[in-house]
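*Asks:* Below you'll find entry-v3.cif; it's mmCIF, C-alpha atoms.
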data_upload
#
loop_
_atom_site.label_atom_id
_atom_site.label_comp_id
_atom_site.auth_asym_id
_atom_site.auth_seq_id
_atom_site.Cartn_x
_atom_site.Cartn_y
_atom_site.Cartn_z
CA MET A 1046 -16.84 -4.45 -9.62
CA THR A 1047 -13.74 -2.75 -10.99
CA ALA A 1048 -12.42 -2.54 -14.54
CA PHE A 1049 -9.21 -1.12 -15.99
CA THR A 1050 -8.70 1.04 -19.07
CA LEU A 1051 -5.15 1.37 -20.43
CA SER A 1052 -4.26 4.87 -21.68
CA LYS A 1053 -0.58 4.95 -22.64
CA GLU A 1054 2.39 2.59 -22.31
CA LEU A 1055 5.75 4.07 -21.38
CA TYR A 1056 8.01 1.24 -22.56
CA ASP A 1057 7.73 -1.98 -24.53
CA ALA A 1058 10.49 -4.17 -23.13
CA PRO A 1059 10.85 -7.08 -20.66
CA GLY A 1060 10.57 -5.83 -17.08
CA LYS A 1061 9.51 -2.35 -18.25
CA HIS A 1062 5.75 -1.92 -18.22
CA GLY A 1063 5.15 1.65 -17.07
CA ARG A 1064 1.81 3.00 -18.18
CA THR A 1065 -1.12 5.26 -17.43
CA GLY A 1066 -4.70 4.14 -17.15
CA THR A 1067 -7.91 4.29 -15.17
CA ILE A 1068 -9.32 1.91 -12.58
CA HIS A 1069 -13.12 2.16 -12.63
CA THR A 1070 -14.76 1.46 -9.26
CA PRO A 1071 -18.34 1.79 -7.97
CA HIS A 1072 -17.25 4.87 -5.98
CA GLY A 1073 -15.38 6.64 -8.78
CA ASP A 1074 -12.36 6.37 -11.05
CA ILE A 1075 -8.70 6.14 -10.01
CA HIS A 1076 -6.36 7.61 -12.60
CA THR A 1077 -3.08 5.73 -12.55
CA PRO A 1078 -0.30 5.74 -11.54
CA ALA A 1079 -1.71 6.81 -8.19
CA PHE A 1080 -0.49 7.03 -4.59
CA ILE A 1081 -3.05 5.59 -2.15
CA PRO A 1082 -2.85 6.98 1.43
CA VAL A 1083 -3.21 4.45 4.24
CA ALA A 1084 -6.26 4.83 6.48
CA THR A 1085 -5.36 1.95 8.78
CA LYS A 1086 -8.27 2.10 11.22
CA ALA A 1087 -10.71 3.81 8.84
CA THR A 1088 -8.80 7.06 9.28
CA VAL A 1089 -5.64 8.61 7.89
CA LYS A 1090 -4.05 9.47 11.21
CA THR A 1091 -4.63 13.09 12.32
CA LEU A 1092 -6.80 13.98 9.27
CA THR A 1093 -10.51 14.30 8.60
CA PRO A 1094 -11.83 12.95 5.27
CA GLU A 1095 -12.27 16.57 4.18
CA GLN A 1096 -8.56 17.17 4.81
CA ILE A 1097 -7.67 14.02 2.86
CA ARG A 1098 -9.64 15.38 -0.08
CA LEU A 1099 -7.61 18.58 0.21
CA THR A 1100 -4.54 16.54 -0.80
CA GLU A 1101 -6.39 15.38 -3.97
CA ALA A 1102 -5.91 11.72 -3.02
CA GLN A 1103 -8.14 9.54 -5.20
CA ALA A 1104 -8.62 6.56 -2.87
CA ILE A 1105 -7.62 5.30 0.57
CA LEU A 1106 -6.64 1.88 1.94
CA SER A 1107 -7.84 0.52 5.28
CA ASN A 1108 -6.71 -2.48 7.26
CA ALA A 1109 -8.88 -5.57 7.67
CA TYR A 1110 -6.90 -6.86 10.67
CA HIS A 1111 -7.26 -3.66 12.69
CA LEU A 1112 -10.92 -3.10 11.82
CA TYR A 1113 -11.71 -6.73 12.67
CA LEU A 1114 -10.23 -6.25 16.14
CA GLN A 1115 -11.73 -2.78 16.64
CA PRO A 1116 -14.55 -1.80 16.25
CA GLY A 1117 -15.49 -5.10 14.54
CA ALA A 1118 -16.33 -5.78 10.89
CA ASP A 1119 -19.99 -6.27 11.79
CA ILE A 1120 -20.25 -2.69 13.05
CA VAL A 1121 -18.65 -1.32 9.87
CA ASP A 1122 -21.08 -3.45 7.86
CA GLU A 1123 -24.04 -2.13 9.82
CA ALA A 1124 -22.83 1.43 9.13
CA GLY A 1125 -23.04 0.77 5.39
CA GLY A 1126 -19.43 -0.26 4.73
CA VAL A 1127 -16.09 1.39 5.33
CA ALA A 1128 -16.64 4.30 2.91
CA ALA A 1129 -19.85 5.35 4.65
CA PHE A 1130 -18.47 4.60 8.12
CA GLU A 1131 -15.51 6.98 7.67
CA ASN A 1132 -17.40 9.53 5.53
CA TRP A 1133 -15.00 9.12 2.61
CA HIS A 1134 -17.40 8.12 -0.18
CA GLY A 1135 -14.61 7.67 -2.72
CA PRO A 1136 -12.85 4.49 -3.90
CA THR A 1137 -11.57 2.28 -1.09
CA TYR A 1138 -9.17 -0.64 -0.64
CA THR A 1139 -8.79 -3.06 2.26
CA ASP A 1140 -5.84 -5.41 2.62
CA SER A 1141 -6.43 -8.99 3.72
CA GLY A 1142 -4.96 -8.67 7.20
CA GLY A 1143 -2.28 -11.16 6.23
CA PHE A 1144 0.65 -8.78 6.61
CA GLN A 1145 -0.32 -7.67 10.11
CA VAL A 1146 -1.03 -11.21 11.28
CA MET A 1147 2.07 -12.75 9.68
CA SER A 1148 4.44 -9.99 10.78
CA GLN A 1149 3.73 -10.99 14.36
CA GLY A 1150 4.92 -14.48 13.49
CA VAL A 1151 8.03 -13.76 11.47
CA GLY A 1152 9.34 -11.30 14.03
CA PHE A 1153 10.49 -8.65 11.54
CA GLN A 1154 8.53 -5.73 10.22
CA LYS A 1155 8.25 -5.71 6.44
CA VAL A 1156 10.49 -3.00 5.03
CA LEU A 1157 11.25 -2.27 1.42
CA ALA A 1158 15.00 -1.94 1.86
CA MET A 1159 15.53 -4.86 4.19
CA ASP A 1160 19.20 -5.22 5.21
CA VAL A 1161 19.57 -8.98 5.66
CA ALA A 1162 23.35 -8.75 6.00
CA GLY A 1163 22.95 -6.75 9.19
CA LEU A 1164 21.00 -9.49 10.97
CA THR A 1165 22.88 -11.89 13.24
CA ASP A 1166 21.75 -15.35 14.38
CA ALA A 1167 21.05 -13.79 17.77
CA ASP A 1168 18.76 -11.22 16.14
CA ILE A 1169 16.80 -13.95 14.41
CA ARG A 1170 16.52 -16.09 17.56
CA ALA A 1171 15.31 -13.08 19.56
CA ALA A 1172 12.72 -12.23 16.93
CA ASN A 1173 11.40 -15.79 16.94
CA LYS A 1174 11.26 -16.09 20.73
CA ASP A 1175 7.93 -14.40 21.37
CA ARG A 1176 5.95 -15.05 18.22
CA MET A 1177 2.34 -13.94 18.43
CA ALA A 1178 1.25 -15.88 15.33
CA ARG A 1179 1.55 -19.46 14.10
CA VAL A 1180 1.01 -20.45 10.48
CA ASP A 1181 -0.31 -23.80 9.22
CA ASP A 1182 -1.68 -24.90 5.86
CA ASP A 1183 -5.24 -24.00 6.82
CA GLY A 1184 -4.66 -20.54 8.29
CA VAL A 1185 -3.03 -18.56 11.09
CA ASP A 1186 -3.55 -18.46 14.84
CA PHE A 1187 -2.63 -15.13 16.40
CA LYS A 1188 -3.03 -12.99 19.47
CA SER A 1189 -4.60 -9.55 19.49
CA PHE A 1190 -2.11 -6.72 20.01
CA ILE A 1191 -4.88 -4.95 21.98
CA ASP A 1192 -5.63 -7.46 24.74
CA GLY A 1193 -3.75 -10.67 23.93
CA SER A 1194 -6.94 -12.59 23.07
CA SER A 1195 -6.64 -15.52 20.65
CA HIS A 1196 -7.97 -15.39 17.09
CA ARG A 1197 -7.70 -17.34 13.85
CA PHE A 1198 -7.66 -16.10 10.25
CA THR A 1199 -8.25 -18.39 7.31
CA PRO A 1200 -8.74 -17.39 3.67
CA GLU A 1201 -12.48 -17.73 4.19
CA LYS A 1202 -12.43 -15.61 7.35
CA SER A 1203 -10.47 -12.86 5.59
CA MET A 1204 -13.03 -12.80 2.78
CA GLN A 1205 -15.91 -12.66 5.25
CA ILE A 1206 -14.33 -9.73 7.09
CA GLN A 1207 -13.55 -7.83 3.90
CA HIS A 1208 -17.05 -8.37 2.54
CA GLN A 1209 -18.43 -6.88 5.73
CA LEU A 1210 -16.03 -3.94 5.44
CA GLY A 1211 -17.32 -3.44 1.90
CA ALA A 1212 -14.31 -1.81 0.19
CA ASP A 1213 -14.32 -1.58 -3.61
CA ILE A 1214 -11.00 -3.48 -3.87
CA ILE A 1215 -10.06 -6.31 -1.53
CA PHE A 1216 -7.03 -8.63 -1.43
CA ALA A 1217 -6.66 -12.39 -1.18
CA PHE A 1218 -5.22 -13.75 2.06
CA ASP A 1219 -1.51 -14.47 1.54
CA GLU A 1220 1.47 -15.49 3.63
CA LEU A 1221 4.03 -12.82 4.39
CA THR A 1222 7.63 -14.06 4.26
CA THR A 1223 10.86 -12.16 4.82
CA LEU A 1224 14.24 -12.25 3.13
CA VAL A 1225 15.67 -14.31 6.02
CA ASP A 1226 13.39 -17.28 5.26
CA THR A 1227 15.07 -20.16 3.47
CA ARG A 1228 14.58 -20.91 -0.21
CA GLN A 1229 12.77 -24.13 0.75
CA TYR A 1230 10.36 -22.23 2.99
CA GLN A 1231 9.71 -19.66 0.25
CA GLU A 1232 8.77 -22.50 -2.12
CA HIS A 1233 6.28 -23.93 0.37
CA SER A 1234 4.91 -20.45 1.06
CA VAL A 1235 4.27 -19.67 -2.61
CA GLU A 1236 2.30 -22.90 -2.96
CA ARG A 1237 0.41 -22.24 0.29
CA THR A 1238 -0.50 -18.73 -0.90
CA ARG A 1239 -1.72 -20.19 -4.22
CA ARG A 1240 -4.00 -22.66 -2.40
CA TRP A 1241 -5.26 -19.87 -0.15
CA ALA A 1242 -5.97 -17.72 -3.22
CA LYS A 1243 -8.16 -20.52 -4.63
CA ARG A 1244 -10.11 -20.66 -1.38
CA CYS A 1245 -10.45 -16.86 -1.43
CA LEU A 1246 -11.87 -16.96 -4.96
CA ASP A 1247 -14.42 -19.60 -3.97
CA GLU A 1248 -15.49 -17.78 -0.81
CA HIS A 1249 -15.57 -14.40 -2.56
CA ASP A 1250 -17.88 -15.82 -5.22
CA ARG A 1251 -20.14 -17.42 -2.61
CA LEU A 1252 -20.36 -14.28 -0.51
CA THR A 1253 -20.98 -12.05 -3.55
CA ARG A 1254 -23.94 -14.19 -4.61
CA GLU A 1255 -25.26 -14.24 -1.05
CA ARG A 1256 -24.93 -10.48 -0.56
CA LYS A 1257 -26.76 -9.76 -3.80
CA VAL A 1258 -29.77 -11.13 -1.95
CA THR A 1259 -29.12 -9.77 1.55
CA HIS A 1260 -27.64 -6.40 0.52
CA PRO A 1261 -28.86 -5.68 -3.03
CA ASP A 1262 -27.91 -2.00 -2.64
CA ARG A 1263 -24.22 -2.76 -2.07
CA PRO A 1264 -21.93 -2.65 -5.14
CA GLU A 1265 -19.93 -5.72 -6.07
CA GLN A 1266 -16.37 -5.87 -4.76
CA SER A 1267 -13.23 -6.70 -6.75
CA LEU A 1268 -10.88 -9.36 -5.37
CA TRP A 1269 -7.19 -9.03 -6.25
CA GLY A 1270 -4.68 -11.88 -5.94
CA VAL A 1271 -1.30 -11.26 -4.28
CA VAL A 1272 2.00 -12.33 -5.86
CA GLN A 1273 4.69 -13.46 -3.43
CA GLY A 1274 8.04 -15.19 -4.04
CA ALA A 1275 10.58 -12.98 -2.25
CA GLN A 1276 13.75 -12.26 -4.26
CA TYR A 1277 13.57 -15.36 -6.49
CA GLU A 1278 12.72 -14.83 -10.15
CA ASP A 1279 11.38 -18.34 -10.74
CA LEU A 1280 9.13 -18.16 -7.65
CA ARG A 1281 7.79 -14.71 -8.52
CA ARG A 1282 6.94 -15.82 -12.06
CA GLN A 1283 5.51 -19.11 -10.78
CA ALA A 1284 3.34 -17.27 -8.27
CA ALA A 1285 1.98 -14.89 -10.94
CA ARG A 1286 1.26 -17.74 -13.36
CA GLY A 1287 -0.43 -19.71 -10.62
CA LEU A 1288 -2.83 -16.86 -9.92
CA LEU A 1289 -3.60 -16.46 -13.62
CA GLU A 1290 -4.42 -20.18 -13.85
CA LEU A 1291 -6.78 -19.84 -10.89
CA ASP A 1292 -8.40 -16.82 -12.52
CA GLU A 1293 -8.94 -18.70 -15.78
CA GLN A 1294 -10.30 -21.73 -13.95
CA ALA A 1295 -12.75 -19.65 -11.92
CA ARG A 1296 -14.11 -17.88 -14.98
CA ALA A 1297 -14.45 -21.19 -16.84
CA GLU A 1298 -16.64 -22.38 -13.96
CA GLY A 1299 -18.82 -19.27 -14.18
CA LYS A 1300 -17.32 -17.77 -11.01
CA ARG A 1301 -15.71 -14.42 -10.37
CA GLY A 1302 -11.99 -14.19 -11.01
CA PHE A 1303 -9.37 -11.67 -9.96
CA GLY A 1304 -10.01 -8.03 -10.82
CA GLY A 1305 -6.34 -7.12 -10.39
CA PHE A 1306 -3.18 -8.15 -8.59
CA GLY A 1307 -1.09 -7.07 -5.62
CA ILE A 1308 2.68 -7.44 -5.43
CA GLY A 1309 3.67 -8.26 -1.86
CA GLY A 1310 6.50 -9.43 0.33
CA ALA A 1311 9.67 -7.85 1.65
CA LEU A 1312 11.89 -6.56 -1.16
CA GLU A 1313 15.49 -5.41 -1.22
CA LYS A 1314 15.50 -1.80 -2.33
CA GLU A 1315 18.15 -2.30 -4.98
CA ASN A 1316 16.12 -5.12 -6.57
CA LEU A 1317 12.71 -3.43 -6.42
CA GLY A 1318 12.39 -2.63 -10.12
CA THR A 1319 13.73 -6.01 -11.21
CA ILE A 1320 11.31 -7.97 -9.02
CA VAL A 1321 8.27 -5.88 -9.94
CA GLY A 1322 9.31 -6.25 -13.58
CA TRP A 1323 9.41 -10.06 -13.31
CA VAL A 1324 5.85 -10.03 -11.98
CA THR A 1325 4.41 -7.56 -14.49
CA ASP A 1326 6.05 -9.54 -17.32
CA GLU A 1327 3.61 -12.30 -16.42
CA LEU A 1328 0.48 -10.27 -15.69
CA PRO A 1329 -2.09 -9.28 -18.32
CA VAL A 1330 -2.14 -5.67 -19.52
CA ASP A 1331 -5.88 -5.31 -18.88
CA LYS A 1332 -5.63 -5.82 -15.08
CA PRO A 1333 -4.30 -3.23 -12.59
CA ARG A 1334 -1.35 -3.93 -10.27
CA HIS A 1335 -0.91 -2.60 -6.74
CA LEU A 1336 2.48 -2.58 -4.99
CA LEU A 1337 1.91 -3.12 -1.29
CA GLY A 1338 4.14 -0.72 0.65
CA ILE A 1339 6.45 1.86 -0.93
CA SER A 1340 7.65 5.26 0.21
CA GLU A 1341 10.68 7.13 -1.13
CA PRO A 1342 10.44 9.07 -4.41
CA ASP A 1343 13.14 7.00 -6.14
CA ASP A 1344 11.20 3.85 -5.30
CA ILE A 1345 8.06 5.37 -6.81
CA PHE A 1346 9.78 6.14 -10.10
CA THR A 1347 11.30 2.65 -10.17
CA ALA A 1348 7.96 0.99 -9.43
CA VAL A 1349 6.11 3.01 -12.06
CA GLU A 1350 8.67 2.13 -14.72
CA ALA A 1351 8.36 -1.56 -13.82
CA GLY A 1352 4.59 -1.47 -14.21
CA ALA A 1353 2.99 -0.76 -10.81
CA ASP A 1354 -0.25 1.20 -11.20
CA THR A 1355 -1.00 2.06 -7.57
CA PHE A 1356 0.93 1.85 -4.31
CA ASP A 1357 0.49 2.63 -0.64
CA CYS A 1358 2.76 3.30 2.31
CA VAL A 1359 2.48 4.62 5.86
CA ALA A 1360 5.84 6.45 5.62
CA PRO A 1361 4.50 9.91 4.62
CA THR A 1362 2.07 9.98 7.55
CA ARG A 1363 4.40 8.32 10.06
CA LEU A 1364 7.22 10.71 9.22
CA ALA A 1365 4.85 13.65 9.45
CA ARG A 1366 3.84 12.90 13.02
CA ARG A 1367 7.53 13.15 13.97
CA GLY A 1368 8.11 16.39 12.09
CA GLY A 1369 9.55 14.87 8.90
CA VAL A 1370 8.42 16.63 5.71
CA TYR A 1371 9.16 16.30 2.01
CA THR A 1372 10.38 19.22 -0.09
CA LEU A 1373 11.53 19.57 -3.68
CA ASP A 1374 15.07 19.76 -2.23
CA GLY A 1375 14.81 16.62 -0.13
CA ARG A 1376 13.42 15.61 3.22
CA MET A 1377 13.89 17.63 6.40
CA ASN A 1378 12.76 17.47 10.00
CA LEU A 1379 11.08 20.54 11.46
CA THR A 1380 12.05 19.65 15.04
CA GLY A 1381 15.54 21.01 14.27
CA ALA A 1382 16.61 24.13 16.14
CA ARG A 1383 17.38 25.97 12.90
CA PHE A 1384 13.64 26.24 12.18
CA LYS A 1385 12.82 28.12 15.41
CA ARG A 1386 12.88 31.49 13.64
CA ASP A 1387 12.33 30.29 10.07
CA PHE A 1388 9.12 32.01 8.95
CA ALA A 1389 9.07 30.57 5.43
CA GLY A 1390 6.55 27.93 4.41
CA ILE A 1391 7.69 24.30 4.37
CA ASP A 1392 8.30 24.53 0.61
CA GLU A 1393 7.04 27.74 -0.93
CA GLU A 1394 7.96 26.69 -4.45
CA PHE A 1395 5.95 23.48 -4.10
CA GLY A 1396 3.15 25.43 -2.52
CA GLY A 1397 0.08 23.61 -1.26
CA TYR A 1398 -2.26 24.43 1.58
CA VAL A 1399 0.24 24.14 4.44
CA SER A 1400 3.14 25.99 2.81
CA GLN A 1401 0.81 28.80 1.83
CA ASN A 1402 -0.69 29.24 5.29
CA TYR A 1403 1.80 28.14 7.98
CA SER A 1404 5.49 28.79 8.64
CA ARG A 1405 8.23 26.35 9.51
CA ALA A 1406 8.67 28.26 12.78
CA TYR A 1407 5.02 27.77 13.72
CA ILE A 1408 5.10 24.04 12.99
CA HIS A 1409 8.42 23.75 14.87
CA HIS A 1410 6.69 25.37 17.86
CA LEU A 1411 3.76 22.95 17.63
CA LEU A 1412 6.12 19.98 17.51
CA LYS A 1413 8.08 21.17 20.53
CA ALA A 1414 4.85 21.88 22.40
CA LYS A 1415 3.57 18.42 21.43
CA GLU A 1416 0.41 19.90 19.93
CA PHE A 1417 -1.58 17.48 17.75
CA LEU A 1418 -1.98 20.14 15.07
CA ALA A 1419 1.69 19.62 14.16
CA GLY A 1420 0.95 16.10 12.95
CA THR A 1421 -2.10 17.29 11.04
CA LEU A 1422 -0.25 20.02 9.15
CA CYS A 1423 2.79 17.86 8.36
CA THR A 1424 0.55 14.98 7.24
CA ILE A 1425 -1.48 17.20 4.90
CA HIS A 1426 1.75 18.50 3.39
CA ASN A 1427 3.37 15.07 2.95
CA LEU A 1428 0.31 13.48 1.39
CA GLU A 1429 -0.16 16.44 -0.94
CA PHE A 1430 3.51 16.16 -1.91
CA MET A 1431 3.30 12.41 -2.67
CA VAL A 1432 -0.04 12.60 -4.44
CA ARG A 1433 1.11 15.50 -6.61
CA LEU A 1434 4.43 13.78 -7.39
CA VAL A 1435 2.64 10.71 -8.74
CA ASP A 1436 0.06 12.88 -10.54
CA ASN A 1437 2.97 14.68 -12.23
CA ILE A 1438 4.50 11.34 -13.21
CA ARG A 1439 1.19 10.36 -14.82
CA ARG A 1440 0.96 13.63 -16.72
CA ALA A 1441 4.58 13.32 -17.86
CA ILE A 1442 3.97 9.84 -19.25
CA ASP A 1443 0.89 11.05 -21.12
CA ALA A 1444 2.79 14.09 -22.45
CA GLY A 1445 5.76 11.99 -23.59
CA ASP A 1446 8.37 13.69 -21.38
CA TYR A 1447 8.53 11.27 -18.46
CA GLU A 1448 12.29 10.71 -18.44
CA ALA A 1449 13.01 14.45 -18.46
CA TYR A 1450 10.65 14.96 -15.52
CA ARG A 1451 12.17 12.01 -13.61
CA ASP A 1452 15.74 13.19 -14.10
CA GLU A 1453 14.95 16.78 -13.14
CA PHE A 1454 13.01 15.80 -10.01
CA MET A 1455 15.44 13.12 -8.85
CA GLY A 1456 18.54 15.23 -9.46
CA ARG A 1457 17.20 18.06 -7.36
CA TYR A 1458 15.53 16.00 -4.62
CA TYR A 1459 18.50 13.79 -3.82
CA ALA A 1460 21.08 16.53 -4.16
CA GLY A 1461 18.99 18.55 -1.71
CA ALA A 1462 18.55 15.54 0.58
CA LYS A 1463 22.33 15.26 0.98
CA THR A 1464 22.49 18.92 1.91
CA GLN A 1465 19.65 18.55 4.42
CA ARG A 1466 21.44 15.63 6.12
CA ARG A 1467 24.55 17.78 6.54
CA GLY A 1468 22.37 20.42 8.20
CA LEU A 1469 23.27 23.07 5.64
CA GLY A 1470 19.89 23.46 3.88
#
Could you show the structure in this file as structure tokens?

*Replies:*
Amino acid sequence: MTAFTLSKELYDAPGKHGRTGTIHTPHGDIHTPAFIPVATKATVKTLTPEQIRLTEAQAILSNAYHLYLQPGADIVDEAGGVAAFENWHGPTYTDSGGFQVMSQGVGFQKVLAMDVAGLTDADIRAANKDRMARVDDDGVDFKSFIDGSSHRFTPEKSMQIQHQLGADIIFAFDELTTLVDTRQYQEHSVERTRRWAKRCLDEHDRLTRERKVTHPDRPEQSLWGVVQGAQYEDLRRQAARGLLELDEQARAEGKRGFGGFGIGGALEKENLGTIVGWVTDELPVDKPRHLLGISEPDDIFTAVEAGADTFDCVAPTRLARRGGVYTLDGRMNLTGARFKRDFAGIDEEFGGYVSQNYSRAYIHHLLKAKEFLAGTLCTIHNLEFMVRLVDNIRRAIDAGDYEAYRDEFMGRYYAGAKTQRRGLG
């Protein structure tokens, strides 16, 4: 079971709940704020667990949907749980599988900076044409992306899968919506997600009691509720309050409540801080909050200030496999011809394992030759960059000079990013 210790609060104002703290898990502590790399299929793509540790990441997040389809949650369970299966042995998260299942039904991938204005009626009709998932009040029917076979997830099924996977922190099954869904649909979805959260709490409590008998050596898992509500303040606050009522009710009945909370759903980039702030206004200070899916440095600063404790995103690893790397002077892509004879490290001032040992020219060569090592080196660098950035944010909050650090980093990074886009850096 997890617990949270608050260290220092950054602000004391509505919508501003930045802080540092520690999430205590059976597999070790997570000092927050913290960036959590995504290990979708029980692996951070292209890296060994030893290489993940090289980045100083504190925890990793795996995907219940993908591990259910392959190799099967029962196999992970038989291996001793996801941490043992992937040889990580540190703190682990698994998401509920809801995002992956629902995204097949809504037709749009969840993105932080979703541009609704750019979508035409034709775009929406095309996205809805070949839905691979159908939602009802009891659960979701969907087809496997691997072989097209039919499956069904319910709140109970998600809990059963995640208990077999055995991560320290698991998430309640929720409905993903997008910013193109109507207000009326968002209202129904928030209520559906609340009812599903109640079913998750009940099943989580039942399974925990059962597994204390069948697997007495396995540590207890922490279930976190997920706050939805899209871009609507009243729905976001309603969703958070609804989860808190369920938590209080469960504990009054002698059952396990929520150990923390996730903040989900597609968000418009310009409203990120406002929406996270609405949610954290409602949440208790003694429970951690995880923002599901975030990538760019400005978003990280915004989320931290609004009160997010941990966050994950596939962007650093996905970009890396295509040659995209972060530097203190912005992002650049090493496939560019200008790097062919550039024998400097990716970012020698930042340092890190890759910059200290490999040149831009060498990685450019690997990318052009389509060698897998290119993805490995760029991924190590990007994760180390993101992890260290958030570690520095945490240290700056504790030291009392957060705003100075934010302004210095952001001024340089985004000025440099403009230069990189012009091809002059």

*Asks:* Any chance you could tabulate, as JSON lines, the residues of region 1075-1099 of chain A at most 12 Å from region 1349-1352 of chain A with each one's nearest atom pair and distance in Å to one decimal, using only C-alpha atoms, in chain and rising number order?

*Replies:*
{"residue": "A:Thr1077", "atom": "CA", "partner": "A:Val1349", "partner_atom": "CA", "distance": 9.6}
{"residue": "A:Pro1078", "atom": "CA", "partner": "A:Val1349", "partner_atom": "CA", "distance": 7.0}
{"residue": "A:Ala1079", "atom": "CA", "partner": "A:Val1349", "partner_atom": "CA", "distance": 9.5}
{"residue": "A:Phe1080", "atom": "CA", "partner": "A:Val1349", "partner_atom": "CA", "distance": 10.7}

*Asks:* Restricting the output to C-alpha atoms, write the selected residues as a compact mmCIF listing (two decimals), keeping the file's coordinate frame.

*Replies:*
# COMPACT_ATOMS: atom_id res chain seq x y z
CA THR A 1077 -3.08 5.73 -12.55
CA PRO A 1078 -0.30 5.74 -11.54
CA ALA A 1079 -1.71 6.81 -8.19
CA PHE A 1080 -0.49 7.03 -4.59

*Asks:* Tell me, as a list in words, which residues lie within 9 Å of Tyr1110 (chain A), counting only C-alpha atoms; anything in the same chain fewer than 2 positions away does not count.

*Replies:*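 So, after excluding close chain neighbours, the residues are Asn1108, Leu1112, Tyr1113, Leu1114, Gln1115, Asp1140, Ser1141, Gly1142, Gly1143, Phe1144, Gln1145, Val1146, Ser1203 and Ile1206 of chain A.
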
*Asks:* When you count only C-alpha atoms, which of these residues is closest to Phe1430 (chain A): A:Tyr1403, A:Tyr1371, A:Tyr1450, A:Tyr1458?

*Replies:*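 Closest to Phe1430 (chain A) of all the choices is A:Tyr1371.
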
*Asks:* Just how far from CA of Lys1332 (chain A) is CA of Ala1084 (chain A), in Å to one decimal?

*Replies:*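 So the two atoms, CA of Ala1084 (chain A) and CA of Lys1332 (chain A), lie 24.1 Å apart.
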
*Asks:* CA of Thr1139 (chain A) and CA of Thr1085 (chain A) are how many Å apart?

*Replies:* 8.9 Å

*Asks:* Which one of A:Asp1186, A:Asp1292, A:Glu1201, A:Glu1248 sits closest to Trp1269 (chain A) if you count only C-alpha atoms?

*Replies:*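 Answer, going by the shortest atom-to-atom distance: A:Asp1292.
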
*Asks:* Counting all atoms listed in the file, figure out which residue out of A:Pro1342, A:Gly1117, A:Gly1322, A:Gly1135 gets nearest to Gln1103 (chain A).

*Replies:* A:Gly1135

*Asks:* Do you know which residues the PyMOL selection byres ((chain A and resi 1196) around 12) returns on this file, as a PyMOL selection string?

*Replies:* chain A and resi 1110+1113-1114+1146+1177-1179+1184-1195+1197-1199+1202

*Asks:* Write out the residues from the selection above, keeping C-alpha atoms, as a PDB file, in the frame of the given file.

*Replies:*
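New file part_24.pdb:
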ATOM      1  CA  TYR A1110      -6.900  -6.860  10.670  1.00  0.00           C
ATOM      2  CA  TYR A1113     -11.710  -6.730  12.670  1.00  0.00           C
ATOM      3  CA  LEU A1114     -10.230  -6.250  16.140  1.00  0.00           C
ATOM      4  CA  VAL A1146      -1.030 -11.210  11.280  1.00  0.00           C
ATOM      5  CA  MET A1177       2.340 -13.940  18.430  1.00  0.00           C
ATOM      6  CA  ALA A1178       1.250 -15.880  15.330  1.00  0.00           C
ATOM      7  CA  ARG A1179       1.550 -19.460  14.100  1.00  0.00           C
ATOM      8  CA  GLY A1184      -4.660 -20.540   8.290  1.00  0.00           C
ATOM      9  CA  VAL A1185      -3.030 -18.560  11.090  1.00  0.00           C
ATOM     10  CA  ASP A1186      -3.550 -18.460  14.840  1.00  0.00           C
ATOM     11  CA  PHE A1187      -2.630 -15.130  16.400  1.00  0.00           C
ATOM     12  CA  LYS A1188      -3.030 -12.990  19.470  1.00  0.00           C
ATOM     13  CA  SER A1189      -4.600  -9.550  19.490  1.00  0.00           C
ATOM     14  CA  PHE A1190      -2.110  -6.720  20.010  1.00  0.00           C
ATOM     15  CA  ILE A1191      -4.880  -4.950  21.980  1.00  0.00           C
ATOM     16  CA  ASP A1192      -5.630  -7.460  24.740  1.00  0.00           C
ATOM     17  CA  GLY A1193      -3.750 -10.670  23.930  1.00  0.00           C
ATOM     18  CA  SER A1194      -6.940 -12.590  23.070  1.00  0.00           C
ATOM     19  CA  SER A1195      -6.640 -15.520  20.650  1.00  0.00           C
ATOM     20  CA  ARG A1197      -7.700 -17.340  13.850  1.00  0.00           C
ATOM     21  CA  PHE A1198      -7.660 -16.100  10.250  1.00  0.00           C
ATOM     22  CA  THR A1199      -8.250 -18.390   7.310  1.00  0.00           C
ATOM     23  CA  LYS A1202     -12.430 -15.610   7.350  1.00  0.00           C
TER      24      LYS A1202
END

*Asks:* Using only C-alpha atoms, find the one residue out of A:Gly1060, A:Pro1094, A:Pro1071, A:Pro1116 that sits nearest to Glu1131 (chain A).

*Replies:* A:Pro1094

*Asks:* Would you work out the distance separating CA of Glu1313 (chain A) from CA of His1062 (chain A), expressed in Å to one decimal?

*Replies:* 19.9 Å

*Asks:* Measuring atom to atom with all atoms listed in the file, identify which of A:Lys1053, A:Arg1254, A:His1260, A:Arg1282 is nearest to Gly1299 (chain A).

*Replies:*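 Smallest separation from Gly1299 (chain A) among the options: A:Arg1254.
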
*Asks:* Written as a PyMOL selection string, which residues does the PyMOL selection byres ((chain A and resi 1237) around 10) give for the file shown?

*Replies:* chain A and resi 1181-1184+1219-1220+1231-1236+1238-1242

*Asks:* Quick one: everything within 9 Å of Val1399 (chain A), counting all atoms listed in the file, minus sequence neighbours fewer than 6 positions away in the same chain. Send it as a list of chain:residue names.

*Replies:*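 With the cut-off at 9 Å, the set is A:Gly1390, A:Ile1391, A:Asp1392, A:Leu1422, A:Cys1423, A:Ile1425, A:His1426.
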